[in-house]
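The data block below is my_file-v2.cif; it holds mmCIF, C-alpha atoms.
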```cif
data_data
loop_
_atom_site.label_atom_id
_atom_site.label_comp_id
_atom_site.auth_asym_id
_atom_site.auth_seq_id
_atom_site.Cartn_x
_atom_site.Cartn_y
_atom_site.Cartn_z
CA MET A 1 -55.94 3.67 12.47
CA GLY A 2 -58.77 1.16 12.27
CA PHE A 3 -58.67 -2.56 11.62
CA ALA A 4 -59.61 -2.19 7.93
CA GLU A 5 -56.92 0.44 7.33
CA ARG A 6 -54.28 -1.67 9.09
CA SER A 7 -55.30 -4.73 7.06
CA LYS A 8 -55.07 -2.75 3.83
CA LEU A 9 -51.62 -1.36 4.79
CA LEU A 10 -50.39 -4.82 5.78
CA ALA A 11 -51.66 -6.33 2.49
CA THR A 12 -49.90 -3.57 0.51
CA LEU A 13 -46.63 -4.11 2.39
CA LEU A 14 -46.90 -7.88 1.93
CA ALA A 15 -47.55 -7.49 -1.82
CA GLY A 16 -44.55 -5.14 -2.08
CA LEU A 17 -42.34 -7.60 -0.23
CA CYS A 18 -43.45 -10.49 -2.46
CA SER A 19 -42.74 -8.49 -5.63
CA LEU A 20 -39.35 -7.47 -4.22
CA LEU A 21 -38.49 -11.11 -3.58
CA PHE A 22 -39.66 -12.07 -7.07
CA PHE A 23 -37.53 -9.46 -8.84
CA THR A 24 -34.40 -9.94 -6.72
CA HIS A 25 -34.45 -13.68 -7.48
CA ALA A 26 -33.44 -12.83 -11.05
CA ALA A 27 -30.46 -10.82 -9.76
CA PHE A 28 -29.25 -13.78 -7.69
CA CYS A 29 -29.45 -16.04 -10.75
CA GLN A 30 -27.03 -13.90 -12.78
CA THR A 31 -23.67 -15.40 -13.66
CA PRO A 32 -20.93 -14.00 -11.41
CA TYR A 33 -18.74 -11.39 -13.13
CA TYR A 34 -15.55 -13.43 -12.70
CA ALA A 35 -16.96 -16.72 -14.07
CA GLY A 36 -14.74 -17.94 -16.91
CA LYS A 37 -12.30 -15.04 -16.46
CA THR A 38 -8.66 -14.88 -15.45
CA ILE A 39 -7.39 -12.65 -12.66
CA THR A 40 -3.70 -11.82 -12.93
CA ILE A 41 -1.58 -10.99 -9.90
CA VAL A 42 1.05 -8.59 -11.18
CA ARG A 43 4.16 -8.97 -9.04
CA GLY A 44 6.47 -5.95 -9.07
CA GLY A 45 9.64 -8.04 -9.10
CA GLY A 46 11.14 -11.18 -10.53
CA PRO A 47 10.20 -14.77 -9.77
CA GLY A 48 11.52 -16.36 -6.61
CA GLY A 49 11.84 -14.96 -3.14
CA SER A 50 9.35 -14.01 -0.48
CA GLY A 51 7.30 -11.70 -2.72
CA GLU A 52 6.35 -14.52 -5.05
CA PHE A 53 5.78 -16.89 -2.14
CA GLN A 54 3.37 -14.46 -0.44
CA SER A 55 1.47 -13.81 -3.67
CA ARG A 56 1.17 -17.52 -4.45
CA ALA A 57 -0.04 -18.20 -0.90
CA LEU A 58 -3.02 -15.91 -1.59
CA MET A 59 -4.05 -17.59 -4.84
CA PRO A 60 -6.17 -20.45 -3.42
CA TYR A 61 -8.06 -18.02 -1.17
CA LEU A 62 -8.77 -15.61 -4.01
CA LYS A 63 -10.04 -18.52 -6.09
CA LYS A 64 -12.21 -19.76 -3.23
CA TYR A 65 -13.77 -16.46 -2.15
CA ILE A 66 -14.19 -14.59 -5.43
CA PRO A 67 -17.55 -15.61 -6.93
CA GLY A 68 -17.37 -17.38 -10.27
CA ASN A 69 -14.32 -19.56 -9.61
CA PRO A 70 -11.92 -17.50 -11.77
CA THR A 71 -8.53 -18.69 -12.94
CA ILE A 72 -5.73 -16.99 -10.98
CA MET A 73 -2.28 -16.54 -12.50
CA MET A 74 0.88 -14.51 -11.87
CA GLU A 75 2.83 -12.11 -14.06
CA PHE A 76 6.26 -10.77 -13.10
CA ILE A 77 7.41 -7.28 -14.04
CA ASP A 78 10.91 -6.88 -12.69
CA GLY A 79 12.77 -3.62 -12.41
CA ALA A 80 13.20 -0.37 -10.49
CA SER A 81 12.49 -2.04 -7.13
CA GLY A 82 8.85 -2.72 -8.02
CA ARG A 83 8.15 0.65 -9.65
CA LYS A 84 7.92 -0.87 -13.16
CA GLY A 85 5.15 -3.15 -11.94
CA ALA A 86 3.41 -0.22 -10.25
CA ASN A 87 3.65 1.80 -13.49
CA TYR A 88 2.04 -1.09 -15.36
CA MET A 89 -0.76 -1.42 -12.79
CA TYR A 90 -1.43 2.32 -13.01
CA THR A 91 -2.22 1.99 -16.72
CA ALA A 92 -4.14 -1.32 -16.45
CA GLY A 93 -7.86 -1.12 -17.13
CA PRO A 94 -10.18 -0.83 -14.10
CA ASP A 95 -11.93 -4.12 -14.84
CA GLY A 96 -10.90 -5.95 -11.66
CA LEU A 97 -8.84 -8.53 -13.56
CA LYS A 98 -5.42 -7.31 -12.36
CA ILE A 99 -4.24 -7.26 -8.75
CA GLY A 100 -0.93 -5.58 -8.00
CA SER A 101 1.56 -7.08 -5.60
CA ALA A 102 3.97 -4.24 -4.98
CA GLY A 103 7.25 -4.11 -3.16
CA ALA A 104 8.29 -1.81 -0.37
CA MET A 105 9.28 0.99 -2.74
CA ILE A 106 5.72 1.70 -3.93
CA PRO A 107 5.92 5.19 -2.32
CA GLY A 108 8.43 6.13 -5.05
CA PRO A 109 6.51 9.24 -6.18
CA ILE A 110 6.48 10.62 -2.64
CA LEU A 111 10.22 9.98 -2.31
CA GLY A 112 10.86 11.60 -5.69
CA LEU A 113 12.36 8.43 -7.16
CA PRO A 114 12.78 8.59 -10.94
CA GLY A 115 10.63 6.21 -12.96
CA SER A 116 7.68 6.49 -10.56
CA ASN A 117 5.01 7.35 -13.13
CA TYR A 118 1.94 6.69 -11.00
CA ASP A 119 -0.18 8.38 -8.37
CA ILE A 120 -0.40 6.11 -5.32
CA ASP A 121 -3.57 7.90 -4.19
CA LYS A 122 -5.37 6.41 -7.19
CA PHE A 123 -4.58 2.81 -6.29
CA ILE A 124 -7.14 0.86 -4.25
CA TYR A 125 -5.52 -0.79 -1.24
CA ILE A 126 -6.82 -4.32 -0.64
CA GLY A 127 -4.54 -5.57 2.09
CA SER A 128 -1.14 -6.91 2.99
CA THR A 129 0.33 -10.36 3.44
CA GLU A 130 2.61 -9.23 6.23
CA THR A 131 2.65 -7.04 9.30
CA GLY A 132 6.21 -5.81 9.03
CA ASN A 133 9.37 -6.05 7.02
CA PRO A 134 11.82 -8.19 8.95
CA TYR A 135 15.36 -8.11 7.62
CA VAL A 136 18.10 -10.53 8.58
CA PHE A 137 21.81 -9.92 8.13
CA PHE A 138 23.89 -13.08 8.04
CA THR A 139 27.44 -14.13 7.27
CA ARG A 140 29.16 -17.37 6.43
CA LYS A 141 30.41 -19.26 9.47
CA ALA A 142 33.91 -19.39 7.98
CA ALA A 143 34.11 -15.57 8.12
CA GLY A 144 34.23 -15.78 11.92
CA LEU A 145 31.91 -12.81 12.36
CA ASP A 146 29.73 -14.28 15.08
CA SER A 147 28.86 -11.05 16.90
CA LEU A 148 27.75 -7.55 15.99
CA ASP A 149 30.89 -6.16 17.61
CA LYS A 150 33.12 -8.22 15.28
CA VAL A 151 31.12 -7.05 12.27
CA ARG A 152 31.47 -3.42 13.39
CA ARG A 153 35.26 -3.69 13.80
CA THR A 154 35.95 -5.46 10.50
CA PRO A 155 36.67 -3.00 7.66
CA GLY A 156 35.27 -3.58 4.17
CA ILE A 157 32.31 -5.80 5.06
CA ARG A 158 30.40 -6.53 1.81
CA ILE A 159 26.62 -6.22 1.94
CA GLY A 160 24.52 -7.53 -0.97
CA ALA A 161 21.30 -5.97 -2.21
CA HIS A 162 19.05 -5.95 -5.27
CA SER A 163 19.79 -2.45 -6.59
CA VAL A 164 20.60 1.05 -5.40
CA GLY A 165 17.37 2.43 -3.99
CA HIS A 166 15.80 -0.98 -3.25
CA SER A 167 14.38 -1.31 0.26
CA VAL A 168 17.01 -3.95 1.13
CA TYR A 169 19.77 -1.57 0.00
CA VAL A 170 18.32 1.40 1.92
CA THR A 171 17.86 -0.71 5.06
CA ALA A 172 21.42 -2.04 4.81
CA ARG A 173 22.81 1.49 4.44
CA MET A 174 20.88 2.66 7.50
CA PHE A 175 21.98 -0.41 9.48
CA ALA A 176 25.64 0.11 8.54
CA HIS A 177 25.44 3.80 9.46
CA MET A 178 23.57 3.20 12.71
CA PHE A 179 26.05 0.56 13.91
CA GLU A 180 29.09 2.44 12.54
CA PHE A 181 30.47 -0.24 10.22
CA LYS A 182 34.01 0.51 9.03
CA GLU A 183 34.04 1.24 5.29
CA PRO A 184 31.22 -1.13 4.27
CA LYS A 185 31.06 -2.14 0.59
CA PHE A 186 27.60 -2.41 -0.97
CA VAL A 187 27.29 -4.94 -3.78
CA VAL A 188 24.18 -4.70 -5.95
CA GLY A 189 22.76 -6.89 -8.69
CA PHE A 190 21.16 -9.68 -6.70
CA ASN A 191 17.57 -10.72 -7.29
CA GLU A 192 15.32 -13.22 -5.54
CA SER A 193 16.16 -16.12 -7.84
CA THR A 194 19.94 -15.69 -7.39
CA VAL A 195 19.65 -15.37 -3.63
CA PHE A 196 17.38 -18.37 -3.17
#
```

Please render this file's structure as structure tokens.
Amino acid sequence: MGFAERSKLLATLLAGLCSLLFFTHAAFCQTPYYAGKTITIVRGGGPGGSGEFQSRALMPYLKKYIPGNPTIMMEFIDGASGRKGANYMYTAGPDGLKIGSAGAMIPGPILGLPGSNYDIDKFIYIGSTETGNPYVFFTRKAAGLDSLDKVRRTPGIRIGAHSVGHSVYVTARMFAHMFEFKEPKFVVGFNESTVF
């Protein structure tokens, strides 16, 4: 390729690059999609507790890193260990204005849990605020149960949980079975706001 041909090719490439820069400038000047809009974090549970705390901890970062400085708010849909919130998210429009914050029982359809009217394969996974689900069992000091052995030997220990089927309930049942508690009693009906 001679000098004239190379010069012509270089001039053509340079003209193409300049026109590309000119036309993409207009794209960069567009208003961000989320400008003036509200993004709602839908929490599959009631207010209070660690689920709300984790969701609220994300809010300033979402506001900072989503272009357009959108308003971020929370909505609580309590019931069925988070499955009601998941059902709602499944029917929400795909406009990017709703972010689901689901509980540990989101795999309800796989487990065959009633009221799981969603396909988890159709959700888009963004991330998690935790790396595990630590659970702590504790008693009042006055009960005198200061060792696992004492808890195991005491019949009728009462263990509180949100509802039958909730991850706290299932974990407590497994824990009681694994450590051979004597006739444990499971009390349900607690939610985050009554516990905290």

Report task. Find the residues near stretch 78-89 of chain A: any atom within 7 Å, counting only C-alpha atoms, skip ones fewer than 4 places away on the same chain, and give them as a ChimeraX atom specification. Result -> /A:42-46,100,102-103,105-106,115-118,166

Query - Output check: residues returned by the PyMOL selection byres ((chain A and resi 170) around 12), as an MDAnalysis selection string - result: chainID A and resid 81 104:105 135 159:169 171:177 186 188

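Relative to atom CA of A:Val136, atom CA of A:Ile120 is found at 28.5 Å.
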
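Across the model, the gap from atom CA of A:Thr38 to atom CA of A:Lys63 is 10.1 Å.
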
Query raised in the report: Suppose you want the space between atom CA of A:Arg56 and atom CA of A:Asp95; what is it in Å?
Result: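 That distance, rounded to one decimal, is 21.4 Å.
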
Requested in this report: Dump as a count of residues only all residues having an atom at most 12 Å from (30.6, -5.6, 11.6), computed in the file's coordinates with only C-alpha atoms.
Outcome: 32

Query raised in the report: Could you pull the residues within 12 Å of A:Thr71, counting only C-alpha atoms, minus those fewer than 4 positions along the same chain, as a ChimeraX atom specification?
Result: /A:34-41,59-64,66-67,97-98

Report task. Compare A:Met74, A:Phe53, A:Phe123, A:Gly48 by their minimum atom-to-atom distance to A:Gly93, counting all atoms listed in the file, and give me the closest one. Result ->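 Closest candidate: A:Phe123.
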